[in-house]
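This is structure.cif. It holds mmCIF, C-alpha atoms and all ligand atoms.
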```cif
data_model
#
loop_
_atom_site.label_atom_id
_atom_site.label_comp_id
_atom_site.auth_asym_id
_atom_site.auth_seq_id
_atom_site.Cartn_x
_atom_site.Cartn_y
_atom_site.Cartn_z
CA MET A 1 0.00 0.00 0.00
CA SER A 2 1.40 3.38 -0.95
CA LYS A 3 2.44 5.70 1.81
CA THR A 4 2.51 9.44 2.37
CA TYR A 5 5.53 11.25 3.74
CA LEU A 6 5.53 14.82 5.00
CA ILE A 7 8.45 17.24 5.11
CA VAL A 8 8.08 20.04 7.63
CA THR A 9 10.12 22.74 5.91
CA GLU A 10 11.81 25.75 7.43
CA GLN A 11 12.45 29.20 6.12
CA ARG A 12 14.69 31.93 7.34
CA ASP A 13 14.18 35.54 6.33
CA GLY A 14 11.90 34.43 3.51
CA LYS A 15 14.35 31.86 2.14
CA LEU A 16 13.85 28.14 2.18
CA ARG A 17 16.49 26.53 4.36
CA ARG A 18 18.75 24.12 2.53
CA VAL A 19 18.35 21.55 5.31
CA SER A 20 14.67 21.24 4.34
CA LEU A 21 15.75 20.14 0.87
CA GLU A 22 18.12 17.67 2.50
CA ALA A 23 15.14 16.38 4.52
CA LEU A 24 13.29 16.03 1.21
CA ARG A 25 16.24 14.03 -0.12
CA ALA A 26 15.91 11.73 2.92
CA ALA A 27 12.21 11.22 2.19
CA LEU A 28 12.96 10.52 -1.49
CA ASP A 29 15.53 7.93 -0.40
CA CYS A 30 12.94 6.21 1.80
CA ALA A 31 9.97 6.43 -0.58
CA GLU A 32 9.06 3.68 -3.01
CA ALA A 33 7.13 3.79 -6.26
CA GLY A 34 3.60 5.01 -5.63
CA ASP A 35 4.45 6.80 -2.37
CA GLU A 36 3.64 10.51 -2.12
CA ILE A 37 5.77 13.19 -0.55
CA HIS A 38 4.09 16.34 0.72
CA ALA A 39 5.67 19.45 2.21
CA ALA A 40 4.32 21.76 4.88
CA LEU A 41 5.34 25.40 4.90
CA LEU A 42 4.33 27.59 7.82
CA GLY A 43 4.48 31.35 8.23
CA GLU A 44 3.10 34.49 6.65
CA GLY A 45 3.20 35.67 3.03
CA LEU A 46 4.17 32.25 1.70
CA ASP A 47 3.17 32.58 -1.97
CA GLY A 48 6.70 32.94 -3.34
CA LEU A 49 8.18 30.20 -1.19
CA ALA A 50 5.29 27.84 -1.91
CA ALA A 51 5.78 28.36 -5.65
CA GLU A 52 9.52 27.67 -5.28
CA LEU A 53 8.88 24.53 -3.27
CA ALA A 54 6.30 23.35 -5.80
CA GLY A 55 9.15 23.01 -8.31
CA TYR A 56 10.61 20.10 -6.32
CA PRO A 57 9.52 16.47 -6.60
CA LEU A 58 6.53 16.73 -4.30
CA ALA A 59 2.91 15.70 -4.64
CA GLN A 60 1.59 18.69 -2.76
CA VAL A 61 2.78 21.78 -0.89
CA HIS A 62 0.64 22.80 2.08
CA ALA A 63 1.19 26.49 2.77
CA ILE A 64 -0.27 27.22 6.20
CA GLU A 65 -0.51 30.92 6.92
CA GLY A 66 -1.16 32.60 10.22
CA GLU A 67 0.06 35.58 12.18
CA GLU A 68 1.13 33.40 15.09
CA LEU A 69 3.29 31.33 12.70
CA ARG A 70 5.52 34.26 11.79
CA HIS A 71 8.01 33.13 14.42
CA TYR A 72 8.46 29.58 15.62
CA ASN A 73 6.17 28.80 18.51
CA PRO A 74 5.73 25.07 19.25
CA GLU A 75 2.14 25.38 20.40
CA ALA A 76 1.11 27.37 17.34
CA TYR A 77 3.05 25.11 14.96
CA ILE A 78 1.66 21.90 16.43
CA GLY A 79 -1.83 23.41 16.33
CA ALA A 80 -1.37 24.41 12.69
CA LEU A 81 0.03 21.02 11.66
CA ALA A 82 -2.52 18.92 13.55
CA PRO A 83 -5.31 19.05 10.92
CA LEU A 84 -2.78 18.25 8.17
CA LEU A 85 -1.46 15.24 10.09
CA GLU A 86 -5.02 14.12 10.62
CA ALA A 87 -5.82 14.46 6.92
CA LEU A 88 -2.62 12.90 5.55
CA ARG A 89 -1.95 10.27 8.24
CA PRO A 90 1.70 10.29 7.13
CA ALA A 91 3.84 7.18 7.41
CA GLY A 92 6.84 9.41 7.98
CA LEU A 93 7.76 12.95 8.91
CA PHE A 94 11.08 14.49 7.94
CA LEU A 95 12.57 17.64 9.46
CA GLY A 96 15.97 19.30 9.68
CA HIS A 97 17.88 18.61 12.90
CA THR A 98 17.83 22.31 13.63
CA ALA A 99 16.75 24.23 16.71
CA LEU A 100 13.20 24.10 15.34
CA GLY A 101 13.36 20.47 14.25
CA ARG A 102 14.83 19.31 17.53
CA ASP A 103 11.99 20.98 19.39
CA LEU A 104 9.12 20.16 17.08
CA ALA A 105 9.93 16.60 15.96
CA PRO A 106 9.52 14.85 19.34
CA ALA A 107 6.26 16.70 19.98
CA LEU A 108 4.91 15.57 16.60
CA ALA A 109 6.24 12.06 17.18
CA ALA A 110 4.38 11.91 20.48
CA ARG A 111 1.23 13.14 18.76
CA LEU A 112 1.53 10.45 16.07
CA SER A 113 2.69 7.74 18.51
CA ALA A 114 5.67 7.47 16.20
CA GLY A 115 9.22 6.37 16.74
CA GLN A 116 11.93 8.92 16.06
CA ILE A 117 15.49 8.71 14.75
CA SER A 118 17.34 12.00 15.18
CA ASP A 119 20.39 13.67 13.73
CA VAL A 120 20.66 11.37 10.73
CA THR A 121 23.78 11.86 8.61
CA ALA A 122 23.27 9.11 6.02
CA ILE A 123 20.61 6.73 4.79
CA GLU A 124 21.49 3.29 3.51
CA ARG A 125 19.26 0.72 1.97
CA ASP A 126 20.20 -2.86 2.64
CA GLY A 127 19.56 -5.11 -0.36
CA GLY A 128 16.60 -7.44 -0.53
CA GLU A 129 12.87 -7.31 -0.76
CA ARG A 130 10.62 -5.60 1.68
CA ASP A 131 7.76 -7.42 3.33
CA GLY A 132 4.48 -6.54 1.64
CA GLY A 133 2.61 -6.03 4.89
CA GLU A 134 3.37 -2.33 5.46
CA ARG A 135 0.53 0.07 5.94
CA ASP A 136 -0.12 3.68 6.56
CA GLY A 137 -0.79 5.11 9.95
CA GLY A 138 1.27 2.69 12.04
CA GLU A 139 -1.71 0.85 13.40
CA ARG A 140 -3.81 -1.97 12.08
CA ASP A 141 -7.56 -1.83 12.03
CA ASP A 142 -7.54 -4.19 14.99
CA GLY A 143 -5.51 -1.64 16.93
CA GLU A 144 -2.25 -3.62 16.79
CA ARG A 145 0.79 -1.71 15.58
CA ASP A 146 1.99 -2.71 12.17
CA ASP A 147 5.63 -3.73 12.51
CA GLY A 148 6.31 -3.05 8.83
CA GLU A 149 8.93 -5.77 8.82
CA ARG A 150 11.25 -5.88 5.88
CA HIS A 151 13.33 -8.81 4.85
CA GLY A 152 16.86 -7.66 4.14
CA GLY A 153 15.51 -4.51 2.49
CA GLN A 154 15.62 -2.28 5.49
CA ILE A 155 16.25 1.41 5.34
CA VAL A 156 19.11 2.05 7.70
CA PHE A 157 19.56 5.45 9.30
CA VAL A 158 23.11 6.37 10.25
CA ARG A 159 23.73 8.80 13.11
CA PRO A 160 26.75 9.77 15.17
CA LEU A 161 26.85 9.03 18.89
CA TYR A 162 28.98 10.04 21.86
CA ALA A 163 30.14 13.31 20.36
CA GLY A 164 31.02 11.64 17.05
CA LYS A 165 33.14 8.86 18.59
CA ALA A 166 30.74 6.13 17.50
CA ILE A 167 28.30 5.65 14.67
CA GLU A 168 24.92 4.06 15.17
CA ARG A 169 22.96 2.35 12.39
CA LYS A 170 19.28 2.22 13.23
CA VAL A 171 16.13 0.86 11.65
CA PHE A 172 12.49 1.52 12.36
CA THR A 173 10.34 -1.48 13.16
CA ALA A 174 7.02 0.35 12.84
CA PHE A 175 5.20 3.20 11.16
CA PRO A 176 4.74 6.10 11.55
CA GLN A 177 8.31 7.32 11.66
CA VAL A 178 9.87 10.68 12.45
CA VAL A 179 13.34 11.54 11.18
CA THR A 180 15.50 14.62 11.67
CA VAL A 181 18.51 15.11 9.39
CA ARG A 182 21.74 16.89 10.24
CA ALA A 183 22.48 19.79 7.90
CA ASN A 184 25.14 19.44 5.20
CA ASN A 185 25.27 15.64 5.18
CA LEU A 186 22.71 14.45 2.66
CA PRO A 187 22.65 16.04 -0.79
CA ALA A 188 19.84 18.56 -1.19
CA ALA A 189 16.93 17.46 -3.40
CA GLU A 190 17.05 18.96 -6.88
CA PRO A 191 14.12 20.76 -8.52
CA ARG A 192 12.11 18.72 -11.00
CA ARG A 193 13.60 18.71 -14.48
CA ASP A 194 10.35 18.15 -16.34
CA GLY A 195 9.05 21.61 -15.44
CA GLY A 196 6.12 20.08 -13.57
CA THR A 197 4.95 21.60 -10.34
CA ALA A 198 3.29 20.25 -7.23
CA ILE A 199 -0.19 21.34 -6.23
CA VAL A 200 -0.10 24.18 -3.72
CA ALA A 201 -2.84 23.97 -1.10
CA LYS A 202 -3.23 27.15 0.91
CA ARG A 203 -4.76 27.00 4.35
CA ALA A 204 -5.25 29.54 7.05
CA ALA A 205 -3.99 28.23 10.34
CA ALA A 206 -6.90 27.46 12.59
CA PRO A 207 -6.69 29.80 15.58
CA VAL A 208 -5.20 27.89 18.47
CA ALA A 209 -7.33 28.40 21.52
CA ASP A 210 -5.55 29.54 24.62
CA LEU A 211 -2.03 29.89 23.25
CA ARG A 212 0.00 29.96 26.42
CA THR A 213 2.86 31.88 24.84
CA VAL A 214 3.04 34.35 21.98
CA VAL A 215 6.33 35.19 20.26
CA ARG A 216 6.26 38.90 19.55
CA GLU A 217 9.74 39.40 18.20
CA VAL A 218 12.96 37.50 17.64
CA VAL A 219 16.10 39.51 18.30
CA ARG A 220 19.13 37.95 16.64
CA ARG A 221 22.36 38.66 18.43
CA THR A 222 24.49 37.27 15.64
CA ALA A 223 24.01 39.11 12.40
CA GLY A 224 25.89 36.70 10.13
CA LYS A 225 24.35 36.45 6.68
CA ILE A 226 25.08 32.74 6.44
CA ASP A 227 23.56 30.27 8.86
CA LEU A 228 26.42 28.68 10.78
CA THR A 229 24.88 25.20 10.73
CA GLU A 230 24.45 25.28 6.96
CA ALA A 231 27.66 27.10 6.00
CA ARG A 232 29.96 25.31 3.54
CA ILE A 233 32.99 27.07 5.06
CA VAL A 234 33.38 27.87 8.76
CA ILE A 235 36.18 29.98 10.22
CA ALA A 236 36.14 29.41 13.96
CA GLY A 237 38.01 31.34 16.63
CA GLY A 238 39.01 30.19 20.10
CA ARG A 239 40.48 31.77 23.17
CA GLY A 240 43.59 32.33 21.06
CA VAL A 241 41.89 35.27 19.29
CA LYS A 242 42.31 37.10 22.61
CA SER A 243 39.54 39.70 22.19
CA ALA A 244 36.37 40.60 20.28
CA GLU A 245 38.62 42.68 18.02
CA GLY A 246 40.69 39.52 17.40
CA PHE A 247 37.74 38.06 15.45
CA ARG A 248 38.06 40.74 12.73
CA PRO A 249 40.67 38.87 10.62
CA LEU A 250 38.48 35.76 10.84
CA GLU A 251 35.41 37.73 9.74
CA GLU A 252 37.36 39.14 6.82
CA LEU A 253 38.44 35.69 5.68
CA ALA A 254 34.90 34.32 6.13
CA GLY A 255 33.48 37.24 4.14
CA LEU A 256 35.91 36.64 1.30
CA LEU A 257 35.16 32.90 1.13
CA GLY A 258 31.42 33.22 1.64
CA GLY A 259 31.68 31.38 4.94
CA ALA A 260 30.41 31.85 8.47
CA VAL A 261 32.29 32.64 11.66
CA GLY A 262 32.02 30.25 14.60
CA ALA A 263 33.72 29.98 17.97
CA SER A 264 34.78 27.68 20.76
CA ARG A 265 33.17 27.94 24.13
CA GLY A 266 36.48 29.29 25.40
CA ALA A 267 36.03 32.35 23.17
CA CYS A 268 32.36 32.71 24.17
CA ASP A 269 33.09 32.36 27.88
CA ALA A 270 35.79 34.99 27.57
CA GLY A 271 33.19 37.39 26.14
CA TYR A 272 34.88 37.70 22.73
CA CYS A 273 31.71 36.72 20.88
CA ASP A 274 28.11 35.71 21.34
CA TYR A 275 27.12 32.21 22.47
CA GLY A 276 25.14 31.94 19.25
CA LEU A 277 28.49 31.22 17.57
CA GLN A 278 29.48 28.40 19.90
CA ILE A 279 30.30 25.11 18.22
CA GLY A 280 30.49 21.88 20.16
CA GLN A 281 28.75 19.54 22.49
CA THR A 282 26.74 22.30 24.12
CA GLY A 283 26.72 24.53 21.06
CA LYS A 284 25.97 24.07 17.39
CA VAL A 285 26.97 21.06 15.32
CA VAL A 286 28.49 21.99 12.00
CA THR A 287 29.60 19.81 9.09
CA PRO A 288 31.01 22.21 6.53
CA GLU A 289 33.23 21.31 3.62
CA ILE A 290 36.08 23.33 5.17
CA TYR A 291 36.52 24.12 8.85
CA ILE A 292 39.37 26.43 9.81
CA ALA A 293 40.06 26.40 13.56
CA CYS A 294 42.05 29.44 14.69
CA GLY A 295 43.48 29.47 18.21
CA ILE A 296 41.34 26.55 19.35
CA SER A 297 43.02 23.84 21.43
CA GLY A 298 40.69 21.02 20.34
CA ALA A 299 38.94 19.94 23.54
CA ILE A 300 36.71 16.89 23.09
CA GLN A 301 33.61 19.02 23.71
CA HIS A 302 34.59 21.26 20.80
CA LEU A 303 35.38 18.33 18.51
CA ALA A 304 31.86 17.02 19.17
CA GLY A 305 30.52 19.91 17.14
CA MET A 306 32.90 19.95 14.18
CA SER A 307 34.72 16.64 13.75
CA GLY A 308 32.33 15.69 10.93
CA SER A 309 33.68 18.55 8.77
CA ARG A 310 35.03 17.34 5.45
CA VAL A 311 38.40 19.15 5.59
CA ILE A 312 39.75 20.49 8.87
CA VAL A 313 42.49 23.10 8.93
CA ALA A 314 44.01 24.03 12.31
CA ILE A 315 46.04 27.14 13.03
CA ASN A 316 47.64 27.07 16.46
CA LYS A 317 50.94 28.27 17.83
CA ASP A 318 51.26 25.19 20.04
CA PRO A 319 52.47 22.21 17.96
CA GLU A 320 51.15 19.87 20.68
CA ALA A 321 47.58 21.24 20.54
CA PRO A 322 45.11 18.29 20.34
CA ILE A 323 43.28 19.92 17.42
CA PHE A 324 46.18 18.83 15.18
CA SER A 325 45.31 15.18 15.82
CA ILE A 326 42.08 15.51 13.81
CA ALA A 327 43.23 18.21 11.36
CA ASP A 328 43.80 17.38 7.70
CA PHE A 329 46.10 20.38 7.42
CA GLY A 330 47.90 22.00 10.34
CA ILE A 331 49.66 25.34 10.46
CA VAL A 332 51.84 25.93 13.52
CA GLY A 333 51.96 29.67 13.89
CA ASP A 334 50.42 32.85 15.22
CA LEU A 335 46.87 33.20 13.88
CA PHE A 336 47.30 36.97 13.63
CA GLU A 337 50.05 36.38 11.07
CA VAL A 338 48.64 33.29 9.36
CA VAL A 339 44.99 34.37 8.87
CA PRO A 340 45.81 37.67 7.08
CA LEU A 341 48.29 35.79 4.87
CA LEU A 342 45.60 33.24 4.00
CA THR A 343 43.13 36.04 3.25
CA GLN A 344 45.66 37.72 0.99
CA ALA A 345 46.45 34.46 -0.83
CA PHE A 346 42.75 33.63 -1.34
CA ARG A 347 42.05 37.18 -2.53
CA GLN A 348 44.76 36.85 -5.17
CA ALA A 349 43.60 33.38 -6.17
CA LEU A 350 39.97 34.49 -6.47
CA ALA A 351 40.76 37.73 -8.35
C1 LIG B 401 30.11 20.04 29.89
C2 LIG B 401 31.01 20.84 29.01
C3 LIG B 401 30.54 21.23 27.78
C4 LIG B 401 31.37 21.96 26.92
N1 LIG B 401 30.90 22.33 25.68
C5 LIG B 401 31.74 22.95 24.84
C6 LIG B 401 31.31 23.27 23.51
O1 LIG B 401 30.15 23.06 23.12
N2 LIG B 401 32.19 23.88 22.70
C7 LIG B 401 33.48 24.17 23.07
O2 LIG B 401 34.23 24.70 22.25
N3 LIG B 401 33.89 23.87 24.31
C8 LIG B 401 33.06 23.30 25.20
N4 LIG B 401 33.49 23.03 26.46
C9 LIG B 401 34.77 23.62 26.89
C10 LIG B 401 35.99 22.84 26.45
O3 LIG B 401 36.28 21.82 27.40
C11 LIG B 401 37.21 23.77 26.35
O4 LIG B 401 37.40 24.41 27.58
C12 LIG B 401 37.08 24.83 25.27
O5 LIG B 401 36.71 24.24 24.04
C13 LIG B 401 38.40 25.55 25.09
O6 LIG B 401 38.27 26.58 24.17
P1 LIG B 401 39.54 27.05 23.34
O7 LIG B 401 40.12 25.92 22.58
O8 LIG B 401 39.14 28.26 22.59
O9 LIG B 401 40.51 27.57 24.49
P2 LIG B 401 41.93 27.00 25.03
O10 LIG B 401 41.75 25.57 25.40
O11 LIG B 401 42.35 27.96 26.02
O12 LIG B 401 42.82 27.03 23.74
C14 LIG B 401 43.30 28.20 23.15
C15 LIG B 401 44.29 27.78 22.08
O13 LIG B 401 44.72 28.90 21.37
C16 LIG B 401 46.08 28.75 21.04
N5 LIG B 401 46.60 30.09 20.80
C17 LIG B 401 46.77 31.12 21.70
N6 LIG B 401 47.21 32.20 21.06
C18 LIG B 401 47.33 31.90 19.75
C19 LIG B 401 47.73 32.62 18.61
N7 LIG B 401 48.09 33.92 18.66
N8 LIG B 401 47.78 31.98 17.42
C20 LIG B 401 47.44 30.66 17.34
N9 LIG B 401 47.04 29.93 18.39
C21 LIG B 401 46.97 30.55 19.58
C22 LIG B 401 46.68 28.04 22.24
O14 LIG B 401 47.88 27.36 21.89
C23 LIG B 401 45.54 27.10 22.63
O15 LIG B 401 45.71 25.84 22.00
C24 LIG B 401 32.69 22.32 27.35
C25 LIG B 401 33.14 21.89 28.58
C26 LIG B 401 32.33 21.18 29.41
C27 LIG B 401 32.85 20.73 30.74
#
```

In structure tokens, how does this file's structure come out?
Amino acid sequence: MSKTYLIVTEQRDGKLRRVSLEALRAALDCAEAGDEIHAALLGEGLDGLAAELAGYPLAQVHAIEGEELRHYNPEAYIGALAPLLEALRPAGLFLGHTALGRDLAPALAARLSAGQISDVTAIERDGGERDGGERDGGERDDGERDDGERHGGQIVFVRPLYAGKAIERKVFTAFPQVVTVRANNLPAAEPRRDGGTAIVAKRAAAPVADLRTVVREVVRRTAGKIDLTEARIVIAGGRGVKSAEGFRPLEELAGLLGGAVGASRGACDAGYCDYGLQIGQTGKVVTPEIYIACGISGAIQHLAGMSGSRVIVAINKDPEAPIFSIADFGIVGDLFEVVPLLTQAFRQALA
């Protein structure tokens, strides 16, 4: 029986977040012939975004508009999604493993009585045929949960554990399923090539009675143009930058390369930058193509947030700094000399 999957997409400043297209890729990887993938878009003034999303391989885009959806508010979002979940009875939900996804996914999973696999970095499909007994909705008519057992054809979700020191390979044994995907790990879904578009269904969010909280305004303390968790290049500073002013050379290099600036907790604790930039176990997890660590010692809690980066470059004046043990390229030197030289070299190369 064909199934329906739903992507809960995210936008930032009117732009669709790339991680939502990576979540769509995850759904495409899990779907089989005849399955339908729908996308939910929540906010205000969604016409442009809905039209953009309709160009991707989706059956339907559900644009849910409402004043209280302008900023993320779990109560309002759950209230707005509830009728859609009821109507679609999705076999799977896919979200980005972002601040929003981490908050919303478990609440939706609880609502659907679904299992959840979080922070997925890869999806594998073991060979073999799937059992034909899978159904929508996760429950049989007799109230028993459908175990959706597959014979050797399982979809395996790969996720890092213990701050990246171990990898877990997990399978669902029942529907419905909720999955969050880590940014920058799965390729983003591509728009349809045939020029076709998905149906866009517009709905007004039903007013949620007795909203206990209302988000009036979101004040961003970091004004970076590029979202740190989705950046392809991250230039991160540690206590070695020595001051807020010490971040300037890093910002210049990031600006030139179209990257984002991040930081260690050491730099945040010292007051050199905002905690919004913190990368690590208690900060953001980033997996860029290039990570340049400047004046960061490489504590295990920091590595937890960046060790999945494709290429790691470390600049540190201490040749014994632990960061060098995971770096692909290491530069032993003073960051205040090395970073401007790198900026100069890249500027020449890019000219
Ligand atoms: C529960 C818990 C959670 C934590 N979570 C996080 C987390 O999420 N993220 C995180 O980052 N940390 C986290 N930490 C803190 C972590 O243990 C380290 O204290 C922190 O990462 C150190 O930051 P740092 O590397 O910037 O500073 P330091 O360890 O002080 O390293 C500074 C480095 O800069 C180098 N340096 C100095 N001057 C220069 C220069 N001019 N040029 C080049 N190099 C220079 C030094 O050689 C040194 O290696 C956590 C700790 C705990 C206990």

Do you have, as JSON lines, the list of residues of chain A lying at most 6 Å from ligand LIG 401 (chain B), each with its nearest atom pair and that distance in Å to one decimal, counting only C-alpha atoms and all ligand atoms and ordered by chain then number?
```
{"residue": "A:Gly238", "atom": "CA", "partner": "B:LIG401", "partner_atom": "O8", "distance": 3.2}
{"residue": "A:Arg239", "atom": "CA", "partner": "B:LIG401", "partner_atom": "O8", "distance": 3.8}
{"residue": "A:Gly240", "atom": "CA", "partner": "B:LIG401", "partner_atom": "C17", "distance": 3.5}
{"residue": "A:Ser264", "atom": "CA", "partner": "B:LIG401", "partner_atom": "O2", "distance": 3.4}
{"residue": "A:Arg265", "atom": "CA", "partner": "B:LIG401", "partner_atom": "O2", "distance": 3.9}
{"residue": "A:Gly266", "atom": "CA", "partner": "B:LIG401", "partner_atom": "O6", "distance": 3.5}
{"residue": "A:Ala267", "atom": "CA", "partner": "B:LIG401", "partner_atom": "O8", "distance": 5.2}
{"residue": "A:Gln278", "atom": "CA", "partner": "B:LIG401", "partner_atom": "N2", "distance": 6.0}
{"residue": "A:Ile279", "atom": "CA", "partner": "B:LIG401", "partner_atom": "N2", "distance": 5.0}
{"residue": "A:Gly280", "atom": "CA", "partner": "B:LIG401", "partner_atom": "O1", "distance": 3.2}
{"residue": "A:Gln281", "atom": "CA", "partner": "B:LIG401", "partner_atom": "O1", "distance": 3.8}
{"residue": "A:Thr282", "atom": "CA", "partner": "B:LIG401", "partner_atom": "O1", "distance": 3.6}
{"residue": "A:Gly283", "atom": "CA", "partner": "B:LIG401", "partner_atom": "O1", "distance": 4.3}
{"residue": "A:Gly295", "atom": "CA", "partner": "B:LIG401", "partner_atom": "O13", "distance": 3.4}
{"residue": "A:Ile296", "atom": "CA", "partner": "B:LIG401", "partner_atom": "O7", "distance": 3.5}
{"residue": "A:Ser297", "atom": "CA", "partner": "B:LIG401", "partner_atom": "O15", "distance": 3.4}
{"residue": "A:Gly298", "atom": "CA", "partner": "B:LIG401", "partner_atom": "O7", "distance": 5.4}
{"residue": "A:Ala299", "atom": "CA", "partner": "B:LIG401", "partner_atom": "O5", "distance": 4.9}
{"residue": "A:Gln301", "atom": "CA", "partner": "B:LIG401", "partner_atom": "C5", "distance": 4.5}
{"residue": "A:His302", "atom": "CA", "partner": "B:LIG401", "partner_atom": "O2", "distance": 3.8}
{"residue": "A:Ile315", "atom": "CA", "partner": "B:LIG401", "partner_atom": "C20", "distance": 5.7}
{"residue": "A:Asn316", "atom": "CA", "partner": "B:LIG401", "partner_atom": "N9", "distance": 3.5}
{"residue": "A:Lys317", "atom": "CA", "partner": "B:LIG401", "partner_atom": "C20", "distance": 4.3}
{"residue": "A:Asp318", "atom": "CA", "partner": "B:LIG401", "partner_atom": "O14", "distance": 4.4}
{"residue": "A:Ala321", "atom": "CA", "partner": "B:LIG401", "partner_atom": "O15", "distance": 5.2}
{"residue": "A:Gly333", "atom": "CA", "partner": "B:LIG401", "partner_atom": "C20", "distance": 5.8}
{"residue": "A:Asp334", "atom": "CA", "partner": "B:LIG401", "partner_atom": "N8", "distance": 3.5}
{"residue": "A:Leu335", "atom": "CA", "partner": "B:LIG401", "partner_atom": "N8", "distance": 3.9}
{"residue": "A:Phe336", "atom": "CA", "partner": "B:LIG401", "partner_atom": "N7", "distance": 5.9}
```

* Asked: Could you name the residues that touch range 101-112 of chain A at 8 Å or less, counting all atoms listed in the file, but leaving out those on the same chain fewer than 3 positions away, as a list in words?
  ->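 Neighbouring residues, sequence-local ones excluded: Pro74, Ile78, Leu95, Gly96, His97, Thr98, Gly115, Gln116, Pro176, Gln177, Val178, Val179 and Thr180 of chain A.
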
* Structure fact -> Atom pair CA of Thr229 in chain A + CA of Asn184 in chain A, distance 8.0 Å

* Asked: What is the distance, in Å and to one decimal place, between CA of Pro288 in chain A and CA of Leu303 in chain A?
  -> 13.3 Å

* To do: May I have the residues within 8 Å of Arg310 in chain A as JSON, numbers by chain, using only C-alpha atoms and disregarding those fewer than 5 positions away in the same chain?
  => {"A": [287, 288, 289, 290, 291]}

* Select, counting all atoms listed in the file, all protein, DNA and RNA residues no farther than 10 Å from (6.3, 19.2, -1.0) in file coordinates, and express the selection as a list of chain:residue names. =>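 Selection result: A:Tyr5, A:Leu6, A:Ile7, A:Val8, A:Thr9, A:Leu21, A:Leu24, A:Glu36, A:Ile37, A:His38, A:Ala39, A:Ala40, A:Leu41, A:Ala50, A:Leu53, A:Ala54, A:Gly55, A:Tyr56, A:Pro57, A:Leu58, A:Ala59, A:Gln60, A:Val61, A:His62, A:Ala63, A:Thr197, A:Ala198, A:Ile199, A:Val200.
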
* Asked: Which residue out of A:Glu32, A:Val19, A:His71, A:Gly66 has the minimum interatomic distance to Phe94 in chain A when all atoms listed in the file are used?
  ->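 Looking at the shortest contact to Phe94 in chain A, the residue is A:Val19.
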